[in-house]
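Raw query-v1.cif, mmCIF, C-alpha atoms and all ligand atoms:
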```
data_protein
loop_
_atom_site.group_PDB
_atom_site.id
_atom_site.type_symbol
_atom_site.label_atom_id
_atom_site.label_comp_id
_atom_site.auth_asym_id
_atom_site.auth_seq_id
_atom_site.Cartn_x
_atom_site.Cartn_y
_atom_site.Cartn_z
ATOM 1 C CA MET A 1 -45.174 79.227 52.968
ATOM 2 C CA ASP A 2 -41.543 78.255 53.406
ATOM 3 C CA LYS A 3 -39.559 80.853 55.327
ATOM 4 C CA LEU A 4 -36.299 82.163 53.875
ATOM 5 C CA LEU A 5 -33.543 81.461 56.418
ATOM 6 C CA TYR A 6 -30.401 82.378 54.520
ATOM 7 C CA THR A 7 -29.335 83.822 51.184
ATOM 8 C CA GLY A 8 -25.894 82.577 50.265
ATOM 9 C CA LYS A 9 -23.682 83.324 47.300
ATOM 10 C CA ALA A 10 -25.125 80.454 45.219
ATOM 11 C CA LYS A 11 -28.140 79.064 47.079
ATOM 12 C CA LYS A 12 -31.094 80.095 49.226
ATOM 13 C CA MET A 13 -32.096 78.009 52.234
ATOM 14 C CA TYR A 14 -35.747 77.829 53.349
ATOM 15 C CA GLN A 15 -37.325 76.361 56.487
ATOM 16 C CA THR A 16 -40.133 73.931 55.605
ATOM 17 C CA ASP A 17 -43.099 72.811 57.752
ATOM 18 C CA ASP A 18 -40.857 70.043 59.096
ATOM 19 C CA PRO A 19 -38.298 71.605 61.504
ATOM 20 C CA GLN A 20 -35.726 68.954 60.502
ATOM 21 C CA VAL A 21 -36.019 69.637 56.754
ATOM 22 C CA LEU A 22 -34.734 72.515 54.635
ATOM 23 C CA LYS A 23 -35.521 73.417 51.053
ATOM 24 C CA VAL A 24 -32.493 74.465 49.021
ATOM 25 C CA VAL A 25 -32.940 76.697 45.975
ATOM 26 C CA TYR A 26 -30.006 76.750 43.578
ATOM 27 C CA THR A 27 -29.638 80.209 41.978
ATOM 28 C CA ASN A 28 -27.880 81.296 38.787
ATOM 29 C CA GLN A 29 -25.496 83.569 40.678
ATOM 30 C CA ALA A 30 -21.775 83.003 40.237
ATOM 31 C CA THR A 31 -19.242 84.745 42.440
ATOM 32 C CA ALA A 32 -15.471 84.917 42.557
ATOM 33 C CA LEU A 33 -12.857 86.893 44.478
ATOM 34 C CA ASN A 34 -14.834 86.417 47.720
ATOM 35 C CA GLY A 35 -17.992 87.902 46.150
ATOM 36 C CA LYS A 36 -16.320 90.933 44.513
ATOM 37 C CA LYS A 37 -17.011 89.514 41.033
ATOM 38 C CA HIS A 38 -20.596 88.332 40.552
ATOM 39 C CA ASP A 39 -22.813 87.532 37.561
ATOM 40 C CA GLN A 40 -25.977 85.686 36.643
ATOM 41 C CA ILE A 41 -25.163 82.583 34.592
ATOM 42 C CA LYS A 42 -27.933 81.024 32.498
ATOM 43 C CA ASP A 43 -29.096 77.619 33.841
ATOM 44 C CA LYS A 44 -26.320 77.363 36.453
ATOM 45 C CA GLY A 45 -28.799 76.668 39.279
ATOM 46 C CA GLU A 46 -30.473 73.846 37.367
ATOM 47 C CA LEU A 47 -27.191 72.319 36.262
ATOM 48 C CA ASN A 48 -25.653 72.362 39.753
ATOM 49 C CA ASN A 49 -28.818 70.962 41.314
ATOM 50 C CA GLU A 50 -28.796 68.083 38.843
ATOM 51 C CA ILE A 51 -25.043 67.399 39.085
ATOM 52 C CA SER A 52 -25.055 67.581 42.889
ATOM 53 C CA THR A 53 -28.105 65.291 43.100
ATOM 54 C CA LEU A 54 -26.362 62.659 40.963
ATOM 55 C CA ILE A 55 -23.151 62.860 43.008
ATOM 56 C CA PHE A 56 -24.913 62.756 46.390
ATOM 57 C CA GLN A 57 -27.092 59.811 45.285
ATOM 58 C CA TYR A 58 -23.954 57.996 44.097
ATOM 59 C CA LEU A 59 -22.109 58.657 47.365
ATOM 60 C CA MET A 60 -25.120 57.496 49.406
ATOM 61 C CA LYS A 61 -25.327 54.304 47.347
ATOM 62 C CA LYS A 62 -21.679 53.728 48.310
ATOM 63 C CA GLY A 63 -22.380 54.243 52.040
ATOM 64 C CA ILE A 64 -21.559 57.920 52.628
ATOM 65 C CA PRO A 65 -24.093 59.545 54.997
ATOM 66 C CA THR A 66 -25.402 62.828 53.556
ATOM 67 C CA HIS A 67 -28.084 65.461 54.160
ATOM 68 C CA PHE A 68 -29.772 64.723 50.814
ATOM 69 C CA ILE A 69 -33.469 63.784 50.854
ATOM 70 C CA LYS A 70 -34.708 64.412 47.319
ATOM 71 C CA LYS A 71 -34.655 66.669 44.286
ATOM 72 C CA LEU A 72 -37.953 68.562 44.081
ATOM 73 C CA ASN A 73 -37.702 70.190 40.653
ATOM 74 C CA ASP A 74 -35.138 71.838 38.335
ATOM 75 C CA THR A 75 -33.693 74.207 40.925
ATOM 76 C CA GLU A 76 -34.861 72.874 44.308
ATOM 77 C CA GLU A 77 -34.032 70.015 46.656
ATOM 78 C CA LEU A 78 -34.961 68.923 50.174
ATOM 79 C CA VAL A 79 -32.197 68.243 52.694
ATOM 80 C CA LYS A 80 -31.925 67.292 56.340
ATOM 81 C CA LYS A 81 -31.314 70.410 58.416
ATOM 82 C CA CYS A 82 -27.833 70.362 59.930
ATOM 83 C CA ASP A 83 -25.908 72.227 62.514
ATOM 84 C CA MET A 84 -23.080 73.089 60.138
ATOM 85 C CA PHE A 85 -19.401 73.029 61.051
ATOM 86 C CA PRO A 86 -18.108 76.427 59.825
ATOM 87 C CA LEU A 87 -15.371 74.617 57.913
ATOM 88 C CA GLU A 88 -14.442 74.230 54.257
ATOM 89 C CA VAL A 89 -12.767 70.855 53.893
ATOM 90 C CA VAL A 90 -10.466 70.847 50.867
ATOM 91 C CA THR A 91 -8.699 67.882 49.262
ATOM 92 C CA ARG A 92 -6.185 68.347 46.458
ATOM 93 C CA ASN A 93 -5.090 65.539 44.143
ATOM 94 C CA VAL A 94 -3.183 67.846 41.780
ATOM 95 C CA CYS A 95 -1.431 71.169 42.402
ATOM 96 C CA ALA A 96 -3.730 74.063 41.372
ATOM 97 C CA GLY A 97 -5.324 77.320 42.517
ATOM 98 C CA HIS A 98 -4.168 78.779 45.807
ATOM 99 C CA PHE A 99 -1.948 75.776 46.549
ATOM 100 C CA ALA A 100 0.058 76.510 43.400
ATOM 101 C CA SER A 101 0.301 80.253 44.118
ATOM 102 C CA ARG A 102 1.104 79.737 47.840
ATOM 103 C CA TYR A 103 4.128 77.555 47.062
ATOM 104 C CA GLY A 104 5.158 79.204 43.775
ATOM 105 C CA LEU A 105 4.400 76.067 41.763
ATOM 106 C CA LYS A 106 2.968 75.571 38.291
ATOM 107 C CA GLU A 107 -0.607 74.259 38.138
ATOM 108 C CA GLY A 108 -0.483 70.569 37.328
ATOM 109 C CA ALA A 109 2.839 70.023 39.140
ATOM 110 C CA PRO A 110 2.868 66.534 40.675
ATOM 111 C CA ILE A 111 2.310 66.140 44.433
ATOM 112 C CA ALA A 112 3.424 63.068 46.386
ATOM 113 C CA GLN A 113 0.098 62.508 48.134
ATOM 114 C CA PRO A 114 -3.309 64.177 48.412
ATOM 115 C CA VAL A 115 -3.257 67.452 50.335
ATOM 116 C CA GLU A 116 -5.813 67.945 53.119
ATOM 117 C CA GLU A 117 -6.648 71.483 54.240
ATOM 118 C CA MET A 118 -9.363 73.128 56.276
ATOM 119 C CA PHE A 119 -10.519 76.738 56.060
ATOM 120 C CA TYR A 120 -12.659 78.632 58.555
ATOM 121 C CA LYS A 121 -15.860 79.566 56.724
ATOM 122 C CA SER A 122 -16.159 83.338 57.126
ATOM 123 C CA ASP A 123 -16.710 85.776 54.255
ATOM 124 C CA GLU A 124 -15.709 88.700 56.533
ATOM 125 C CA LEU A 125 -12.338 87.091 57.311
ATOM 126 C CA GLY A 126 -11.792 85.739 53.775
ATOM 127 C CA ASP A 127 -11.992 82.049 54.803
ATOM 128 C CA PRO A 128 -8.599 81.793 56.595
ATOM 129 C CA MET A 129 -6.808 78.449 56.772
ATOM 130 C CA ILE A 130 -7.395 76.665 60.085
ATOM 131 C CA ASN A 131 -5.595 73.736 61.720
ATOM 132 C CA THR A 132 -6.703 71.034 64.165
ATOM 133 C CA SER A 133 -5.284 72.866 67.185
ATOM 134 C CA ASP A 134 -7.229 76.026 66.249
ATOM 135 C CA ILE A 135 -10.425 74.005 65.735
ATOM 136 C CA LEU A 136 -10.102 72.360 69.149
ATOM 137 C CA ALA A 137 -9.163 75.633 70.903
ATOM 138 C CA LEU A 138 -12.162 77.396 69.363
ATOM 139 C CA SER A 139 -14.479 74.418 70.165
ATOM 140 C CA ILE A 140 -15.559 74.266 66.516
ATOM 141 C CA ALA A 141 -15.377 70.453 66.524
ATOM 142 C CA SER A 142 -13.991 67.682 68.738
ATOM 143 C CA GLN A 143 -11.026 65.493 67.770
ATOM 144 C CA ASP A 144 -13.470 62.617 67.110
ATOM 145 C CA GLU A 145 -15.554 64.824 64.856
ATOM 146 C CA ILE A 146 -12.472 66.033 62.958
ATOM 147 C CA ASP A 147 -11.338 62.393 62.516
ATOM 148 C CA LYS A 148 -14.783 61.410 61.244
ATOM 149 C CA ILE A 149 -14.845 64.351 58.804
ATOM 150 C CA TRP A 150 -11.452 63.378 57.358
ATOM 151 C CA ASP A 151 -12.420 59.697 57.215
ATOM 152 C CA LEU A 152 -15.539 60.564 55.187
ATOM 153 C CA THR A 153 -13.619 63.047 53.029
ATOM 154 C CA ARG A 154 -10.980 60.425 52.108
ATOM 155 C CA LYS A 155 -13.744 57.961 51.206
ATOM 156 C CA VAL A 156 -15.448 60.602 49.042
ATOM 157 C CA ASN A 157 -12.139 61.229 47.223
ATOM 158 C CA GLU A 158 -11.596 57.507 46.627
ATOM 159 C CA LEU A 159 -15.156 57.193 45.249
ATOM 160 C CA LEU A 160 -15.191 60.317 43.092
ATOM 161 C CA LYS A 161 -11.691 60.154 41.545
ATOM 162 C CA PRO A 162 -12.570 56.995 39.541
ATOM 163 C CA LEU A 163 -16.109 58.196 38.780
ATOM 164 C CA PHE A 164 -14.817 61.446 37.252
ATOM 165 C CA ALA A 165 -12.010 59.537 35.504
ATOM 166 C CA ASP A 166 -14.678 57.349 33.868
ATOM 167 C CA ALA A 167 -16.318 60.622 32.844
ATOM 168 C CA GLY A 168 -13.055 61.755 31.207
ATOM 169 C CA MET A 169 -12.088 64.283 33.882
ATOM 170 C CA ARG A 170 -9.388 64.579 36.548
ATOM 171 C CA LEU A 171 -10.706 65.465 39.963
ATOM 172 C CA VAL A 172 -8.001 68.044 40.715
ATOM 173 C CA ASP A 173 -9.381 69.383 44.005
ATOM 174 C CA PHE A 174 -12.678 69.883 45.805
ATOM 175 C CA LYS A 175 -14.334 71.481 48.837
ATOM 176 C CA LEU A 176 -16.780 69.690 51.129
ATOM 177 C CA GLU A 177 -18.910 70.891 54.034
ATOM 178 C CA PHE A 178 -20.183 68.764 56.890
ATOM 179 C CA GLY A 179 -22.940 69.181 59.447
ATOM 180 C CA LYS A 180 -24.430 67.434 62.452
ATOM 181 C CA LEU A 181 -27.958 66.044 62.574
ATOM 182 C CA ALA A 182 -30.163 66.265 65.678
ATOM 183 C CA ASP A 183 -28.897 62.811 66.801
ATOM 184 C CA GLY A 184 -25.279 64.029 66.686
ATOM 185 C CA SER A 185 -24.313 62.041 63.582
ATOM 186 C CA ILE A 186 -22.087 63.731 61.017
ATOM 187 C CA VAL A 187 -23.211 63.952 57.396
ATOM 188 C CA LEU A 188 -21.878 65.385 54.173
ATOM 189 C CA ALA A 189 -23.927 68.536 53.484
ATOM 190 C CA ASP A 190 -24.026 71.507 51.084
ATOM 191 C CA GLU A 191 -23.395 70.482 47.449
ATOM 192 C CA PHE A 192 -20.947 68.815 45.090
ATOM 193 C CA SER A 193 -20.810 70.636 41.778
ATOM 194 C CA PRO A 194 -18.236 72.208 39.437
ATOM 195 C CA ASP A 195 -18.669 75.371 41.563
ATOM 196 C CA ASN A 196 -16.796 73.616 44.383
ATOM 197 C CA CYS A 197 -14.255 71.442 42.648
ATOM 198 C CA ARG A 198 -11.720 71.561 39.859
ATOM 199 C CA LEU A 199 -12.161 69.191 36.937
ATOM 200 C CA TRP A 200 -9.680 69.012 34.074
ATOM 201 C CA ASP A 201 -10.353 67.161 30.852
ATOM 202 C CA ILE A 202 -8.206 64.010 31.001
ATOM 203 C CA LYS A 203 -6.931 64.399 27.431
ATOM 204 C CA THR A 204 -6.563 68.183 27.016
ATOM 205 C CA ASN A 205 -6.405 69.462 30.644
ATOM 206 C CA ALA A 206 -9.134 71.981 29.671
ATOM 207 C CA HIS A 207 -10.864 73.547 32.690
ATOM 208 C CA MET A 208 -14.363 72.117 33.231
ATOM 209 C CA ASP A 209 -15.323 73.954 36.445
ATOM 210 C CA LYS A 210 -15.816 77.413 37.919
ATOM 211 C CA ASP A 211 -12.302 78.453 36.839
ATOM 212 C CA VAL A 212 -13.929 78.986 33.410
ATOM 213 C CA TYR A 213 -15.819 81.874 35.067
ATOM 214 C CA ARG A 214 -13.074 82.976 37.486
ATOM 215 C CA ARG A 215 -10.554 83.210 34.639
ATOM 216 C CA GLY A 216 -12.917 84.292 31.817
ATOM 217 C CA LEU A 217 -12.199 81.213 29.682
ATOM 218 C CA GLY A 218 -15.588 80.781 27.954
ATOM 219 C CA SER A 219 -19.201 79.793 28.604
ATOM 220 C CA LEU A 220 -19.823 78.371 32.067
ATOM 221 C CA THR A 221 -23.236 77.058 30.983
ATOM 222 C CA ASP A 222 -21.744 75.079 28.085
ATOM 223 C CA THR A 223 -19.007 73.755 30.387
ATOM 224 C CA TYR A 224 -21.406 72.592 33.139
ATOM 225 C CA GLU A 225 -23.696 71.010 30.507
ATOM 226 C CA LYS A 226 -20.694 68.955 29.329
ATOM 227 C CA VAL A 227 -19.858 67.933 32.906
ATOM 228 C CA LEU A 228 -23.468 66.826 33.494
ATOM 229 C CA ALA A 229 -23.616 64.825 30.258
ATOM 230 C CA ARG A 230 -20.322 63.075 31.035
ATOM 231 C CA VAL A 231 -21.267 62.276 34.641
ATOM 232 C CA LYS A 232 -24.606 60.841 33.463
ATOM 233 C CA GLU A 233 -22.794 58.655 30.926
ATOM 234 C CA ALA A 234 -20.288 57.411 33.532
ATOM 235 C CA LEU A 235 -23.090 56.597 35.980
ATOM 236 C CA ALA A 236 -25.042 54.744 33.280
ATOM 237 C CA GLU A 237 -21.966 52.558 32.650
ATOM 238 C CA GLU A 238 -21.771 51.891 36.424
ATOM 239 C CA ASP A 239 -25.298 50.488 36.581
HETATM 240 P P1 LIG B 1 -22.272 80.488 51.002
HETATM 241 O O1 LIG B 1 -22.821 80.482 52.396
HETATM 242 O O2 LIG B 1 -20.833 80.031 50.980
HETATM 243 O O3 LIG B 1 -22.482 81.761 50.269
HETATM 244 P P2 LIG B 1 -24.345 78.943 49.546
HETATM 245 O O4 LIG B 1 -24.895 80.050 48.718
HETATM 246 O O5 LIG B 1 -24.093 77.647 48.890
HETATM 247 O O6 LIG B 1 -22.946 79.285 50.222
HETATM 248 O O7 LIG B 1 -25.338 78.780 50.771
HETATM 249 C C1 LIG B 1 -25.684 77.564 51.327
HETATM 250 C C2 LIG B 1 -25.513 77.680 52.834
HETATM 251 O O8 LIG B 1 -26.248 76.653 53.479
HETATM 252 C C3 LIG B 1 -24.054 77.513 53.263
HETATM 253 O O9 LIG B 1 -23.772 78.461 54.270
HETATM 254 C C4 LIG B 1 -23.986 76.084 53.816
HETATM 255 O O10 LIG B 1 -23.018 75.955 54.831
HETATM 256 C C5 LIG B 1 -25.395 75.901 54.352
HETATM 257 N N1 LIG B 1 -25.889 74.525 54.341
HETATM 258 C C6 LIG B 1 -25.667 73.568 53.407
HETATM 259 N N2 LIG B 1 -26.312 72.407 53.697
HETATM 260 C C7 LIG B 1 -26.983 72.633 54.863
HETATM 261 C C8 LIG B 1 -27.820 71.830 55.703
HETATM 262 N N3 LIG B 1 -28.108 70.571 55.387
HETATM 263 N N4 LIG B 1 -28.314 72.381 56.851
HETATM 264 C C9 LIG B 1 -28.019 73.680 57.178
HETATM 265 N N5 LIG B 1 -27.250 74.484 56.420
HETATM 266 C C10 LIG B 1 -26.717 73.986 55.279
HETATM 267 N N1 LIG B 2 -13.418 76.261 46.990
HETATM 268 C C1 LIG B 2 -14.771 76.457 47.239
HETATM 269 N N2 LIG B 2 -15.163 77.529 47.967
HETATM 270 C C2 LIG B 2 -14.273 78.444 48.465
HETATM 271 C C3 LIG B 2 -12.905 78.245 48.206
HETATM 272 C C4 LIG B 2 -12.507 77.147 47.460
HETATM 273 O O1 LIG B 2 -15.599 75.656 46.814
HETATM 274 O O2 LIG B 2 -14.703 79.405 49.150
HETATM 275 C C5 LIG B 2 -12.970 75.097 46.206
HETATM 276 C C6 LIG B 2 -12.426 75.494 44.845
HETATM 277 O O3 LIG B 2 -13.447 75.478 43.854
HETATM 278 C C7 LIG B 2 -11.377 74.427 44.587
HETATM 279 C C8 LIG B 2 -10.887 74.035 45.985
HETATM 280 O O4 LIG B 2 -11.897 74.491 46.893
HETATM 281 O O5 LIG B 2 -11.997 73.286 44.005
HETATM 282 C C9 LIG B 2 -9.554 74.623 46.340
HETATM 283 O O6 LIG B 2 -9.620 76.008 46.150
HETATM 284 P P1 LIG B 2 -8.345 76.970 46.356
HETATM 285 O O7 LIG B 2 -7.947 76.958 47.781
HETATM 286 O O8 LIG B 2 -7.289 76.642 45.357
HETATM 287 O O9 LIG B 2 -8.926 78.401 46.113
HETATM 288 P P2 LIG B 2 -9.476 79.095 44.791
HETATM 289 O O10 LIG B 2 -8.287 79.224 43.886
HETATM 290 O O11 LIG B 2 -10.540 78.215 44.243
HETATM 291 O O12 LIG B 2 -10.024 80.391 45.332
#
```

Now, as a test, write the supplied structure out as C-alpha cells.
Amino acid sequence: MDKLLYTGKAKKMYQTDDPQVLKVVYTNQATALNGKKHDQIKDKGELNNEISTLIFQYLMKKGIPTHFIKKLNDTEELVKKCDMFPLEVVTRNVCAGHFASRYGLKEGAPIAQPVEEMFYKSDELGDPMINTSDILALSIASQDEIDKIWDLTRKVNELLKPLFADAGMRLVDFKLEFGKLADGSIVLADEFSPDNCRLWDIKTNAHMDKDVYRRGLGSLTDTYEKVLARVKEALAEED
C-alpha cells in the first residue's frame, strides 16, 4: 500500500515501493486567500492532471528536464521524488494579480519586459517575496542553482507563450516549482495547470484560470474543460 506523505491544498503525495518515485493524486479541492476560501470543484483533479500531463510532456519533448514519469489514471500520476526548493518561481508577461495591486496598476497594463519574482513557500508566513541575497543567506539554493532555475524558467516561458497563443490564450503569468533529484540535477516539478497560471482569452480577455474561482466569475469546471480542449487542439496542430 502506498503511504501518504503529504496532503497539500490541491494534491496528495504518496510514497511508492520505489523510494525514488512518488504517486501524486490530484484532488477536487480549490483554495484561495491562502486557504481561507476552499471548495470542492467537480472534475478539477482530473482536468488538472490531464492538462499538466500534456504540458509536462510537451516541455520534455522540447528538452526541459522534469519530474514527470507517467499518468496512471484520471487523477493520478507518477513522478520522480525530489528534494524541493521551498520556492515559488513566478514569471509575469502581463500586469495582473498582486503585481497590479502592489504597484497600483490596472490589470493588463503593458510591462516593458517579463517580470521574474520568487516567493518563499510557507503557508504560515503567507509566501513572502524572497530575493537572491535572502536565498543565499538562508542556504535555500546556491547561485548556480538559482541561475539554472531561472534559465529553465525562461525557456519554459518561451515554449509556453506560443503554445497557449496557438490555443487562443495569453499566458499572463505563472508559478513554477523546482526540485533536486538524488544525482543533484534540477528538474521542473509540481504541476502546470490553470490553478498556477493566468490565461486570458486572446480575443475577449476573459479569465480562463483559477481567477474564475477566486473572483466568483462562473464555473471553474467549464473553464478548465475549455482550456484542456484548446490545449489539445494546439498540440494536435503541432504534431
Ligand atoms: P501545496 O503544498 O502548495 O498545498 P499541493 O497540494 O499541490 O501544494 O501539494 C503538492 C506538494 O508536493 C507541494 O508541496 C510540492 O512542492 C510538492 N511536490 C511537487 N512535486 C514534487 C516532487 N517531484 N517530489 C517531492 N515533492 C513534490
Ligand atoms: N500562484 C500560485 N500559487 C501561489 C501564488 C501564486 O500558483 O501560492 C500563481 C498565480 O496563479 C498566478 C501567479 O502565480 O498565476 C502570480 O500570482 P500573484 O502573485 O499575482 O498572486 P495571486 O493574485 O494569484 O494571489

Given the point (-23.5, 69.0, 42.3) in the file's coordinates, find the residues that have an atom at most 6 Å from it, counting all atoms listed in the file, and give them as a PyMOL selection string. chain A and resi 48-49+51-53+191-193

Collect all residues with atoms no farther than 10 Å from ligand LIG 1 (chain B), counting all atoms listed in the file, and output them as a ChimeraX atom specification. /A:5-15,20-27,29-31,34-35,66-69,78-88,121-123,127,176-181,187-191,195-196

Contacts of ligand LIG 2 (chain B), 8 Å or closer, only C-alpha atoms and all ligand atoms, given as a PyMOL selection string: chain A and resi 32-34+88-92+96-100+121+127+172-176+194-198+209-211

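The shortest atom-to-atom distance to Lys203 in chain A, with all atoms listed in the file taken into account, belongs to A:Met169 out of A:Leu220, A:Met118, A:Leu136, A:Met169.
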
Which range 133-209 of chain A residues have any atom within 6 Å of an atom of range 222-235 of chain A, and for each, what is the nearest pair of atoms with distance in Å to one decimal, counting all atoms listed in the file, rows sorted by chain and number, as a tab-separated table?
```
residue	atom	partner	partner_atom	distance
A:Asp166	CA	A:Ala234	CA	5.6
A:Ala167	CA	A:Arg230	CA	5.0
A:Met208	CA	A:Thr223	CA	5.7
```

Produce a file of the selected residues containing C-alpha atoms, as a PDB file, in the coordinates of the input.
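This went into result-v9.pdb:
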```
ATOM      1  CA  ASP A 166     -14.678  57.349  33.868  1.00  0.00           C
ATOM      2  CA  ALA A 167     -16.318  60.622  32.844  1.00  0.00           C
ATOM      3  CA  MET A 208     -14.363  72.117  33.231  1.00  0.00           C
TER       4      MET A 208
END
```

CA of Thr16 in chain A to CA of Glu50 in chain A: how many Å, to one decimal?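 These atoms are spaced 21.1 Å apart.
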
Rounded to one decimal in Å, what is the spacing between CA of Ile202 in chain A and CA of Arg170 in chain A?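 CA of Ile202 in chain A sits 5.7 Å away from CA of Arg170 in chain A.
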
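Shortest separation to Glu145 in chain A among A:Lys37, A:Gly126, A:Asp17, A:Gly184 occurs at residue A:Gly184, atoms counted being only C-alpha atoms.
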
d(CA of Trp200 in chain A, CA of Gly168 in chain A) in Å: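 Result for CA of Trp200 in chain A versus CA of Gly168 in chain A: 8.5 Å, one decimal.
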
Using all atoms listed in the file, determine which residues lie at most 12 Å from Lys62 in chain A, disregarding the query and same-chain residues fewer than 2 positions distant; provide the list as a PyMOL selection string. chain A and resi 55-60+64-66+152+155-156+158-160+163

Spatial neighbours of Pro110 in chain A, max dist 10 Å, all atoms listed in the file, sep filter under 3 positions, as a ChimeraX atom specification: /A:93-95,105-107,113

Give the answer as one residue: which of A:Gln40, A:Ser219, A:Val115, A:Tyr120 has the shortest atom-to-atom distance to Ala141 in chain A, using all atoms listed in the file?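 Closest to Ala141 in chain A, using all atoms listed in the file: A:Tyr120.
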
Kindly output range 112-129 of chain A as a JSON list (two decimals), in the coordinates of the input, after building N, CA and C atoms.
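So the final result, stored in selection_26.json, reads:
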```
[["chain", "number", "residue", "atom", "x", "y", "z"],
["A", 112, "ALA", "N", 3.12, 64.44, 45.98],
["A", 112, "ALA", "CA", 3.42, 63.07, 46.39],
["A", 112, "ALA", "C", 2.22, 62.35, 46.98],
["A", 113, "GLN", "N", 1.30, 63.11, 47.54],
["A", 113, "GLN", "CA", 0.10, 62.51, 48.13],
["A", 113, "GLN", "C", -0.99, 63.58, 48.18],
["A", 114, "PRO", "N", -2.26, 63.16, 48.35],
["A", 114, "PRO", "CA", -3.31, 64.18, 48.41],
["A", 114, "PRO", "C", -3.07, 65.15, 49.56],
["A", 115, "VAL", "N", -3.39, 66.41, 49.32],
["A", 115, "VAL", "CA", -3.26, 67.45, 50.34],
["A", 115, "VAL", "C", -4.61, 67.63, 51.01],
["A", 116, "GLU", "N", -4.58, 67.75, 52.35],
["A", 116, "GLU", "CA", -5.81, 67.94, 53.12],
["A", 116, "GLU", "C", -5.72, 69.27, 53.87],
["A", 117, "GLU", "N", -6.67, 70.16, 53.60],
["A", 117, "GLU", "CA", -6.65, 71.48, 54.24],
["A", 117, "GLU", "C", -8.04, 71.83, 54.74],
["A", 118, "MET", "N", -8.08, 72.59, 55.84],
["A", 118, "MET", "CA", -9.36, 73.13, 56.28],
["A", 118, "MET", "C", -9.28, 74.65, 56.33],
["A", 119, "PHE", "N", -10.40, 75.28, 55.99],
["A", 119, "PHE", "CA", -10.52, 76.74, 56.06],
["A", 119, "PHE", "C", -11.70, 77.07, 56.95],
["A", 120, "TYR", "N", -11.56, 78.16, 57.71],
["A", 120, "TYR", "CA", -12.66, 78.63, 58.56],
["A", 120, "TYR", "C", -13.62, 79.42, 57.67],
["A", 121, "LYS", "N", -14.89, 78.97, 57.66],
["A", 121, "LYS", "CA", -15.86, 79.57, 56.72],
["A", 121, "LYS", "C", -16.33, 80.91, 57.25],
["A", 122, "SER", "N", -15.77, 81.98, 56.72],
["A", 122, "SER", "CA", -16.16, 83.34, 57.13],
["A", 122, "SER", "C", -15.85, 84.30, 55.99],
["A", 123, "ASP", "N", -16.91, 84.81, 55.34],
["A", 123, "ASP", "CA", -16.71, 85.78, 54.26],
["A", 123, "ASP", "C", -15.97, 87.02, 54.76],
["A", 124, "GLU", "N", -16.33, 87.47, 55.99],
["A", 124, "GLU", "CA", -15.71, 88.70, 56.53],
["A", 124, "GLU", "C", -14.20, 88.54, 56.67],
["A", 125, "LEU", "N", -13.77, 87.32, 57.08],
["A", 125, "LEU", "CA", -12.34, 87.09, 57.31],
["A", 125, "LEU", "C", -11.64, 86.53, 56.07],
["A", 126, "GLY", "N", -12.39, 86.29, 54.99],
["A", 126, "GLY", "CA", -11.79, 85.74, 53.78],
["A", 126, "GLY", "C", -11.41, 84.28, 53.92],
["A", 127, "ASP", "N", -12.21, 83.50, 54.66],
["A", 127, "ASP", "CA", -11.99, 82.05, 54.80],
["A", 127, "ASP", "C", -10.53, 81.70, 55.12],
["A", 128, "PRO", "N", -10.01, 82.11, 56.30],
["A", 128, "PRO", "CA", -8.60, 81.79, 56.60],
["A", 128, "PRO", "C", -8.38, 80.30, 56.80],
["A", 129, "MET", "N", -7.14, 79.86, 56.52],
["A", 129, "MET", "CA", -6.81, 78.45, 56.77],
["A", 129, "MET", "C", -6.86, 78.20, 58.28]]
```
